[in-house]
>>> print(open('protein15.cif').read())   # mmCIF, C-alpha atoms
data_final
#
loop_
_atom_site.label_atom_id
_atom_site.label_comp_id
_atom_site.auth_asym_id
_atom_site.auth_seq_id
_atom_site.Cartn_x
_atom_site.Cartn_y
_atom_site.Cartn_z
CA MET G 1 77.98 99.24 137.66
CA LYS G 2 76.21 102.60 137.93
CA LYS G 3 75.91 102.10 141.70
CA ILE G 4 79.66 101.56 142.00
CA LEU G 5 80.34 104.75 140.06
CA ILE G 6 77.88 106.79 142.12
CA LEU G 7 79.31 105.46 145.41
CA PHE G 8 82.83 106.16 144.23
CA ALA G 9 81.93 109.71 143.16
CA PHE G 10 80.13 110.28 146.47
CA ALA G 11 83.17 109.05 148.42
CA VAL G 12 85.51 111.30 146.43
CA ILE G 13 83.32 114.38 146.92
CA SER G 14 82.70 113.69 150.61
CA PHE G 15 86.34 113.16 151.50
CA SER G 16 87.38 116.11 149.33
CA ALA G 17 85.14 118.44 151.29
CA PHE G 18 87.17 117.77 154.44
CA SER G 19 90.57 117.80 152.83
CA GLN G 20 93.49 119.78 154.09
CA SER G 21 95.69 120.05 151.03
CA THR G 22 95.28 119.58 147.32
CA LEU G 23 97.53 118.39 144.57
CA PHE G 24 97.07 119.46 140.97
CA SER G 25 99.09 118.05 138.12
CA PHE G 26 99.17 118.87 134.43
CA GLN G 27 100.96 116.21 132.41
CA TYR G 28 102.19 115.60 128.89
CA SER G 29 101.14 112.07 128.00
CA MET G 30 102.65 109.48 125.66
CA GLY G 31 100.42 106.50 124.83
CA PHE G 32 101.13 102.92 123.80
CA GLY G 33 98.20 100.88 122.52
CA ALA G 34 97.47 97.36 123.76
CA GLY G 35 95.21 94.58 122.54
CA ASN G 36 92.58 95.64 120.03
CA MET G 37 93.78 99.23 120.02
CA HIS G 38 97.28 98.08 119.11
CA ASP G 39 95.83 95.88 116.36
CA PHE G 40 94.10 98.93 114.93
CA ILE G 41 96.95 101.44 115.38
CA LYS G 42 100.45 100.19 116.09
CA PRO G 43 102.52 103.38 116.48
CA ALA G 44 102.76 105.02 119.87
CA SER G 45 100.97 108.30 120.46
CA PHE G 46 102.97 111.38 121.33
CA ARG G 47 99.95 113.65 121.45
CA GLY G 48 98.12 113.78 124.71
CA PHE G 49 97.71 115.34 128.10
CA THR G 50 96.28 114.44 131.48
CA ILE G 51 94.99 116.57 134.33
CA ASP G 52 95.12 114.99 137.79
CA TYR G 53 93.54 116.51 140.86
CA ARG G 54 93.82 115.01 144.36
CA ASN G 55 92.70 116.05 147.78
CA LEU G 56 94.86 114.58 150.52
CA VAL G 57 92.31 113.25 152.97
CA THR G 58 95.05 111.76 155.15
CA GLU G 59 98.81 112.05 154.97
CA ASN G 60 98.94 109.10 152.63
CA ILE G 61 95.66 109.02 150.75
CA GLY G 62 94.60 111.33 147.95
CA LEU G 63 91.15 111.32 146.38
CA GLY G 64 90.18 113.20 143.26
CA PHE G 65 89.82 112.80 139.52
CA ASP G 66 91.74 112.29 136.30
CA MET G 67 90.81 113.48 132.86
CA GLY G 68 92.74 113.62 129.66
CA TRP G 69 93.09 113.00 125.98
CA ASN G 70 95.31 110.79 123.87
CA VAL G 71 95.08 110.52 120.12
CA PHE G 72 96.60 107.57 118.28
CA TYR G 73 97.23 107.87 114.56
CA ASP G 74 98.51 105.71 111.76
CA GLU G 75 98.75 106.12 108.03
CA MET G 76 98.27 102.72 106.45
CA PRO G 77 100.19 102.16 103.21
CA ASP G 78 98.65 101.87 99.79
CA ALA G 79 97.79 98.16 99.83
CA ASN G 80 95.00 95.65 99.30
CA TYR G 81 92.67 95.11 102.24
CA GLU G 82 90.39 92.10 101.83
CA TYR G 83 87.10 91.33 103.44
CA GLN G 84 85.32 88.21 102.21
CA ASN G 85 84.95 88.69 98.44
CA VAL G 86 85.57 92.46 98.52
CA THR G 87 89.00 94.01 98.09
CA TYR G 88 89.76 97.61 98.85
CA SER G 89 92.96 99.13 97.46
CA GLY G 90 94.30 102.44 98.64
CA LYS G 91 95.52 104.29 101.66
CA GLN G 92 93.86 104.55 105.05
CA TRP G 93 94.23 107.10 107.81
CA ARG G 94 93.31 105.75 111.20
CA TYR G 95 92.60 107.78 114.32
CA SER G 96 91.69 106.72 117.80
CA ASN G 97 90.83 109.43 120.33
CA GLU G 98 90.57 108.44 123.97
CA PHE G 99 89.03 110.68 126.63
CA PRO G 100 89.17 109.11 130.11
CA ILE G 101 87.21 110.76 132.94
CA LEU G 102 87.84 108.95 136.20
CA GLY G 103 87.43 109.21 139.93
CA ALA G 104 90.79 108.36 141.49
CA MET G 105 92.41 107.29 144.73
CA ASP G 106 96.19 107.32 145.32
CA TYR G 107 98.28 106.03 148.17
CA TYR G 108 101.41 108.12 148.86
CA PHE G 109 104.25 106.12 150.36
CA THR G 110 106.64 107.57 152.90
CA LYS G 111 108.67 110.44 151.53
CA SER G 112 112.26 109.52 150.70
CA GLY G 113 114.31 112.69 150.33
CA ASP G 114 112.44 114.90 147.89
CA ILE G 115 110.63 112.00 146.25
CA PHE G 116 107.09 110.82 146.98
CA PRO G 117 106.32 107.46 145.35
CA TYR G 118 102.64 106.66 144.95
CA ALA G 119 100.25 104.11 143.48
CA GLY G 120 96.57 104.35 142.77
CA LEU G 121 93.45 103.25 141.02
CA GLY G 122 90.93 105.13 138.89
CA VAL G 123 87.36 104.12 138.10
CA GLY G 124 85.07 105.86 135.67
CA THR G 125 84.39 106.15 131.99
CA MET G 126 86.41 106.46 128.83
CA TYR G 127 85.00 107.83 125.59
CA SER G 128 86.61 106.31 122.49
CA LEU G 129 86.17 107.85 119.06
CA ARG G 130 87.65 105.78 116.24
CA ASN G 131 87.83 107.03 112.66
CA THR G 132 89.04 105.38 109.50
CA ASP G 133 89.43 107.73 106.55
CA VAL G 134 89.36 106.14 103.12
CA GLY G 135 89.44 108.40 100.09
CA THR G 136 86.78 111.01 100.75
CA TYR G 137 84.90 108.74 103.12
CA ARG G 138 85.06 108.47 106.89
CA PHE G 139 83.98 105.43 108.87
CA GLU G 140 83.34 106.31 112.49
CA SER G 141 82.64 104.27 115.60
CA ASP G 142 82.51 105.31 119.21
CA ALA G 143 81.81 104.01 122.70
CA TRP G 144 81.50 105.10 126.32
CA HIS G 145 83.43 102.40 128.16
CA PHE G 146 83.37 101.53 131.83
CA ALA G 147 87.05 102.06 132.61
CA LEU G 148 89.66 101.11 135.20
CA ARG G 149 93.06 102.75 135.50
CA PRO G 150 95.88 101.56 137.79
CA GLU G 151 98.90 103.86 138.07
CA ILE G 152 102.27 104.18 139.75
CA GLY G 153 104.34 107.32 139.90
CA VAL G 154 106.62 109.61 141.78
CA VAL G 155 106.39 113.27 142.73
CA LEU G 156 109.64 115.18 142.87
CA ASP G 157 109.20 117.94 145.44
CA MET G 158 110.90 121.16 144.29
CA GLY G 159 109.78 123.09 147.36
CA GLY G 160 107.54 126.12 147.46
CA GLY G 161 104.43 124.09 146.67
CA SER G 162 105.54 122.90 143.24
CA GLY G 163 107.28 119.93 141.70
CA PHE G 164 107.41 117.47 138.86
CA ASN G 165 105.94 114.04 138.50
CA ILE G 166 106.46 110.98 136.35
CA VAL G 167 103.66 108.47 136.24
CA GLY G 168 102.81 105.29 134.36
CA LYS G 169 99.13 104.52 133.81
CA TYR G 170 97.18 101.76 132.18
CA TYR G 171 93.67 102.52 130.93
CA HIS G 172 91.31 99.66 130.28
CA GLY G 173 87.87 100.35 128.82
CA PHE G 174 85.56 97.35 128.76
CA ALA G 175 83.67 96.46 125.57
CA ALA G 176 80.86 98.92 124.87
CA GLY G 177 79.02 100.60 122.03
CA ASP G 178 80.63 99.94 118.65
CA LEU G 179 83.95 98.83 120.08
CA PRO G 180 85.54 95.86 121.84
CA SER G 181 87.63 96.49 124.96
CA GLN G 182 90.24 99.22 124.49
CA GLY G 183 93.46 99.45 126.45
CA TYR G 184 96.59 101.55 126.43
CA PHE G 185 99.56 102.42 128.61
CA THR G 186 100.75 105.95 129.12
CA ILE G 187 103.92 107.50 130.44
CA ASN G 188 103.24 111.01 131.70
CA VAL G 189 105.54 113.78 132.81
CA GLY G 190 104.18 116.96 134.28
CA PHE G 191 104.11 119.81 136.72
CA VAL G 192 102.63 119.41 140.18
CA PHE G 193 101.23 122.20 142.31
CA VAL G 194 100.48 121.59 145.98
CA ASN G 195 98.21 123.84 147.94
CA MET W 196 99.80 133.83 140.34
CA LYS W 197 99.04 130.13 140.27
CA LYS W 198 95.80 130.80 138.41
CA SER W 199 97.78 132.66 135.77
CA ILE W 200 100.21 129.77 135.43
CA PHE W 201 97.32 127.32 135.01
CA SER W 202 95.68 129.56 132.39
CA VAL W 203 98.89 129.86 130.42
CA LEU W 204 99.44 126.10 130.62
CA PHE W 205 95.94 125.40 129.35
CA ILE W 206 96.11 127.88 126.49
CA VAL W 207 99.58 126.84 125.36
CA SER W 208 98.63 123.17 125.55
CA ALA W 209 95.39 123.69 123.66
CA PHE W 210 97.17 125.47 120.81
CA MET W 211 100.03 122.97 120.83
CA LEU W 212 97.76 119.95 120.75
CA ASN W 213 95.47 121.45 118.14
CA SER W 214 98.37 122.23 115.84
CA CYS W 215 99.80 118.77 116.44
CA TYR W 216 96.61 116.88 115.55
CA PRO W 217 97.75 114.18 113.14
CA GLY W 218 97.16 115.00 109.51
CA GLY W 219 95.69 113.01 106.66
CA PRO W 220 96.44 112.85 102.95
CA ASP W 221 99.06 115.14 101.41
CA TYR W 222 98.24 114.70 97.73
CA VAL W 223 94.97 114.36 95.86
CA GLU W 224 96.01 110.98 94.46
CA ASP W 225 96.43 109.71 98.03
CA MET W 226 92.64 109.69 98.17
CA ASP W 227 92.13 107.48 95.13
CA VAL W 228 90.42 104.27 96.13
CA VAL W 229 89.72 101.08 94.24
CA LEU W 230 87.10 98.57 95.27
CA THR W 231 86.54 95.18 93.68
CA LYS W 232 83.89 92.60 94.35
CA HIS W 233 83.28 89.25 92.70
CA ASN W 234 81.06 86.22 92.82
CA ALA W 235 83.33 83.67 94.50
CA GLU W 236 81.36 80.77 92.99
CA TYR W 237 81.72 81.93 89.41
CA ASN W 238 84.41 80.20 87.36
CA PHE W 239 86.02 82.97 85.31
CA ALA W 240 88.83 80.68 84.17
CA SER W 241 86.40 78.59 82.13
CA LYS W 242 85.49 81.62 79.99
CA GLY W 243 87.57 83.34 77.39
CA THR W 244 85.79 86.01 75.35
CA TYR W 245 84.27 89.35 76.22
CA ALA W 246 82.70 92.33 74.49
CA ILE W 247 83.05 95.95 75.50
CA PRO W 248 81.35 99.06 74.05
CA ASP W 249 83.47 101.78 72.44
CA LYS W 250 82.13 104.46 74.79
CA ILE W 251 81.73 104.90 78.54
CA VAL W 252 78.23 105.79 79.59
CA LYS W 253 77.86 108.72 81.96
CA ILE W 254 75.28 108.24 84.68
CA THR W 255 73.60 111.57 85.33
CA GLY W 256 70.55 110.41 87.21
CA ASN W 257 68.14 112.42 85.04
CA LEU W 258 67.91 110.28 81.92
CA VAL W 259 64.41 110.23 80.49
CA GLU W 260 63.21 106.93 79.09
CA GLY W 261 63.91 106.69 75.39
CA GLU W 262 66.73 109.25 75.47
CA THR W 263 70.29 108.39 74.54
CA PRO W 264 72.57 108.58 77.57
CA GLU W 265 75.52 110.94 77.80
CA PHE W 266 79.00 109.56 77.28
CA VAL W 267 82.45 110.37 78.57
CA PRO W 268 84.20 112.44 75.87
CA ASP W 269 86.16 110.22 73.49
CA VAL W 270 89.43 111.98 74.19
CA THR W 271 89.49 110.48 77.67
CA GLY W 272 87.02 107.63 77.21
CA LYS W 273 89.18 105.93 74.56
CA GLN W 274 92.24 106.03 76.86
CA ILE W 275 90.30 104.48 79.72
CA LEU W 276 88.87 101.74 77.51
CA ALA W 277 92.30 100.99 76.06
CA ARG W 278 93.70 100.50 79.57
CA ILE W 279 90.84 98.21 80.58
CA GLU W 280 91.31 96.18 77.41
CA SER W 281 95.05 95.81 77.90
CA ASN W 282 94.46 94.44 81.40
CA MET W 283 91.86 91.99 80.07
CA THR W 284 94.27 90.87 77.33
CA ALA W 285 97.02 90.37 79.93
CA TYR W 286 94.69 88.03 81.81
CA GLY W 287 94.09 85.98 78.66
CA TRP W 288 90.74 87.35 77.55
CA GLN W 289 89.90 87.79 73.89
CA LYS W 290 87.86 90.80 72.86
CA VAL W 291 85.09 90.01 70.36
CA ASP W 292 82.17 91.91 68.93
CA ILE W 293 78.92 91.70 70.86
CA SER W 294 77.36 89.91 67.87
CA ALA W 295 79.90 87.06 68.29
CA ASN W 296 78.19 85.66 71.42
CA PRO W 297 80.86 86.61 73.98
CA ASP W 298 81.09 84.79 77.31
CA LEU W 299 80.97 88.05 79.27
CA LEU W 300 79.99 91.67 78.72
CA LEU W 301 82.20 94.37 80.22
CA ALA W 302 80.06 97.45 80.90
CA PRO W 303 81.93 100.62 81.91
CA ALA W 304 80.09 103.57 83.44
CA SER W 305 81.02 106.75 85.26
CA TRP W 306 79.48 109.49 87.34
CA GLU W 307 80.48 112.61 89.21
CA THR W 308 79.43 113.86 92.62
CA THR W 309 80.03 117.36 93.89
CA THR W 310 80.16 118.04 97.60
CA ILE W 311 79.99 121.55 99.00
CA VAL W 312 81.36 122.35 102.44
CA TYR W 313 80.68 125.76 103.90
CA TRP W 314 80.74 127.89 107.00
CA TYR W 315 78.79 131.12 107.22
CA ASP W 316 78.50 133.73 109.90
CA TYR W 317 75.28 135.52 109.06
CA TRP W 318 74.20 134.77 112.62
CA TYR W 319 77.09 136.86 113.99
CA TYR W 320 74.72 139.59 115.19
CA TRP W 321 73.10 136.96 117.43
CA TRP W 322 76.12 135.17 118.89
CA GLY W 323 78.79 137.83 118.39
CA GLY W 324 78.39 139.31 121.86
CA TYR W 325 78.56 135.93 123.53
CA TYR W 326 81.19 134.14 121.47
CA PRO W 327 83.39 136.91 120.11
CA MET W 328 86.23 134.50 119.32
CA TRP W 329 84.22 132.90 116.52
CA GLY W 330 84.98 134.27 113.10
CA TRP W 331 88.31 135.81 114.00
CA GLY W 332 90.01 137.70 111.22
CA GLY W 333 87.04 137.74 108.89
CA TYR W 334 85.00 140.60 107.57
CA TYR W 335 81.33 140.82 108.30
CA PRO W 336 79.60 138.61 107.41
CA PRO W 337 82.38 136.07 106.89
CA VAL W 338 81.52 133.20 104.61
CA TYR W 339 83.75 130.28 103.90
CA TYR W 340 82.93 127.67 101.33
CA ASP W 341 84.70 125.07 99.30
CA SER W 342 83.68 122.22 97.08
CA TYR W 343 85.17 119.13 95.58
CA THR W 344 84.00 116.77 92.90
CA THR W 345 84.67 113.08 92.96
CA GLY W 346 84.58 110.91 89.89
CA THR W 347 83.73 107.24 89.87
CA LEU W 348 84.46 104.72 87.15
CA LEU W 349 82.56 101.48 87.41
CA MET W 350 83.54 98.35 85.48
CA THR W 351 81.20 95.38 85.59
CA LEU W 352 81.50 91.93 84.08
CA ILE W 353 78.14 90.39 83.26
CA ASP W 354 77.27 86.89 82.13
CA LYS W 355 74.07 87.20 80.12
CA ASN W 356 73.21 83.58 80.92
CA GLU W 357 73.26 84.15 84.69
CA VAL W 358 69.98 85.86 85.43
CA GLY W 359 68.77 86.94 88.86
CA ALA W 360 65.31 86.66 90.40
CA ASN W 361 64.29 90.00 88.88
CA GLY W 362 65.12 88.78 85.37
CA ASN W 363 68.22 90.95 85.00
CA PRO W 364 71.71 89.52 84.45
CA VAL W 365 73.79 89.18 87.60
CA THR W 366 77.07 91.07 87.87
CA GLN W 367 79.93 88.61 88.37
CA TRP W 368 82.69 91.16 88.94
CA THR W 369 82.69 94.84 89.83
CA GLY W 370 85.65 97.17 89.85
CA ALA W 371 84.98 100.67 91.19
CA ILE W 372 87.47 103.52 91.09
CA ASN W 373 86.84 106.71 93.01
CA GLY W 374 88.90 109.85 93.39
CA ILE W 375 88.80 113.61 93.61
CA MET W 376 88.67 115.20 90.16
CA THR W 377 91.13 117.92 89.27
CA GLY W 378 90.99 120.50 86.50
CA SER W 379 92.34 118.18 83.85
CA TYR W 380 92.32 114.45 83.13
CA ASN W 381 95.26 112.69 84.73
CA ALA W 382 96.02 109.54 82.74
CA THR W 383 98.62 108.32 85.25
CA ARG W 384 96.14 108.34 88.14
CA MET W 385 93.44 106.63 86.07
CA ASN W 386 95.77 103.98 84.64
CA THR W 387 97.23 103.22 88.05
CA SER W 388 93.76 102.73 89.51
CA ILE W 389 92.56 100.52 86.64
CA ASP W 390 95.70 98.38 86.96
CA LYS W 391 95.08 98.09 90.72
CA ALA W 392 91.54 96.84 90.16
CA PHE W 393 92.80 94.03 87.96
CA ALA W 394 95.81 93.30 90.16
CA ALA W 395 93.40 92.82 93.06
CA SER W 396 91.37 90.35 90.97
CA PRO W 397 93.72 87.51 90.00
CA TYR W 398 90.74 85.11 89.79
CA LEU W 399 89.87 86.79 86.46
CA LYS W 400 92.87 85.11 84.82
CA THR W 401 92.10 82.61 82.08
CA ASN W 402 95.69 81.93 81.06
#
>>> encode(input="protein15.cif", output="structure tokens")
Amino acid sequence: MKKILILFAFAVISFSAFSQSTLFSFQYSMGFGAGNMHDFIKPASFRGFTIDYRNLVTENIGLGFDMGWNVFYDEMPDANYEYQNVTYSGKQWRYSNEFPILGAMDYYFTKSGDIFPYAGLGVGTMYSLRNTDVGTYRFESDAWHFALRPEIGVVLDMGGGSGFNIVGKYYHGFAAGDLPSQGYFTINVGFVFVN
Amino acid sequence: MKKSIFSVLFIVSAFMLNSCYPGGPDYVEDMDVVLTKHNAEYNFASKGTYAIPDKIVKITGNLVEGETPEFVPDVTGKQILARIESNMTAYGWQKVDISANPDLLLAPASWETTTIVYWYDYWYYWWGGYYPMWGWGGYYPPVYYDSYTTGTLLMTLIDKNEVGANGNPVTQWTGAINGIMTGSYNATRMNTSIDKAFAASPYLKTN
């Protein structure tokens, strides 16, 4: 797995060095938990951001990186939570912070008017920090996951080297550390700057 | 120009996201927790009588052998005991004197823990030149501290005939209540928590 990551990083850096134009995007990110993450926290997250950077190594292919943060939160009601012969009664405050850091490759389809559709894949790591607050106590678990991230999106060219984009991403972190596999979808909207 | 736009975006986003970080409890009673644990193989329904002392012992951690322990003041201790007893009565238990050979002993105990959180900036002279943003708005040397005290009430049901390997009786049921203490005793919070402990333990019913 480490070899794959190193090769991917090497490819990204090598191609980037010969690039002709760059694309930088800063996005507001809304997250929707899936699988185990959804079991832990059901509400969607409206707190997050993503930074995308791509070097266009050909007209259609961009290589670069993604990084970001999404925090999921839920306040569990005052209820009984049972585990074997132990019952806990009270409220819980649950937090799940996700920090993906990925190498990324996008394919930009042919421009249609002012719209560039694209699709891509990210490979890298995702740090998950999960907290459960109970009374004055905090139970914490974390993990550095190996992560994959497919995405599809569009860039709306506003001219003058700037634009907007809308992109849907799915992050999947494989089981690691204290946590089972963690997955979530995001819908991002942001500004794009082209150099 | 673009660098300026990026900087503004970063700074605005950082402040926005920081201020939007999801919050936790709003009220001190939100942090009250109740924990119960029982021996699943013990048949509580086959019992019927219990004894309970008329005081709640206060665990201080510095009791010298031979000394009498401290107790929760009667003004609050009696209210707590009355609430425990009313819950036991509702579940069909009959309170008897300890000399009347009760089936179970109910032993209440309490303790307090104080936690201090603090932030001090006596090292400002060392890092001040490098990290001037730290300690904004404070006077030199800024010191911030706060503390909170949590109180715990422990209720245990003991069968004197069930003895563990170490020769001591085994606890068959434990109800623990923990919360942040405020300046004065709040009977509503305490009663609610005691009721919750029993509500979470329907296996204690004998009726």
>>> interface_residues(input="protein15.cif", of="chain W", to="chain G", cutoff="7 Å", atoms="all atoms listed in the file", output="PyMOL selection string")
chain W and resi 212+217+219+225-233+235+374+395
>>> residues_around(input="protein15.cif", residues="Gln274 of chain W", least_positions_apart="5", cutoff="10 Å", atoms="only C-alpha atoms", output="PyMOL selection string")
chain W and resi 269+279-280+382+385-386
>>> atom_distance(input="protein15.cif", atom1="atom CA of Thr383 of chain W", atom2="atom CA of Thr271 of chain W")
12.1 Å
>>> resolve_selection(input="protein15.cif", expression="the PyMOL selection byres ((chain G and resi 118) around 6)", output="ChimeraX atom specification")
/G:107-109,117,119,152-154
>>> resolve_selection(input="protein15.cif", expression="the PyMOL selection byres ((chain W and resi 345) around 7)", output="list of chain:residue names")
W:Glu307, W:Thr308, W:Thr309, W:Tyr343, W:Thr344, W:Gly346, W:Thr347, W:Asn373, W:Gly374, W:Ile375, W:Met376
>>> resolve_selection(input="protein15.cif", expression="the PyMOL selection byres ((chain G and resi 170-183) around 6)", output="NGL selection string")
:G and (34 or 37 or 141-143 or 145-150 or 169 or 184-185)
>>> atom_distance(input="protein15.cif", atom1="atom CA of Lys400 of chain W", atom2="atom CA of Trp368 of chain W")
12.5 Å
>>> residues_around(input="protein15.cif", residues="Leu102 of chain G", least_positions_apart="5", cutoff="7 Å", atoms="only C-alpha atoms", output="VMD selection string")
chain G and resid 65 to 67 122 to 125
>>> closest_residue(input="protein15.cif", among="G:Met126, G:Val155, G:Ile41, G:Val167", to="Lys111 of chain G", atoms="only C-alpha atoms")
G:Val155
>>> closest_residue(input="protein15.cif", among="W:Asp354, W:Ile311, W:Trp288, W:Ala277", to="Ala240 of chain W", atoms="all atoms listed in the file")
W:Trp288
>>> axis_aligned_box(input="protein15.cif", around="segment 370-388 of chain W", padding_each_side="6 Å", output="AutoDock Vina command-line options")
--center_x 91.8 --center_y 108.8 --center_z 88.2 --size_x 25.6 --size_y 35.3 --size_z 22.9
>>> atom_distance(input="protein15.cif", atom1="atom CA of Tyr237 of chain W", atom2="atom CA of Lys391 of chain W")
21.0 Å
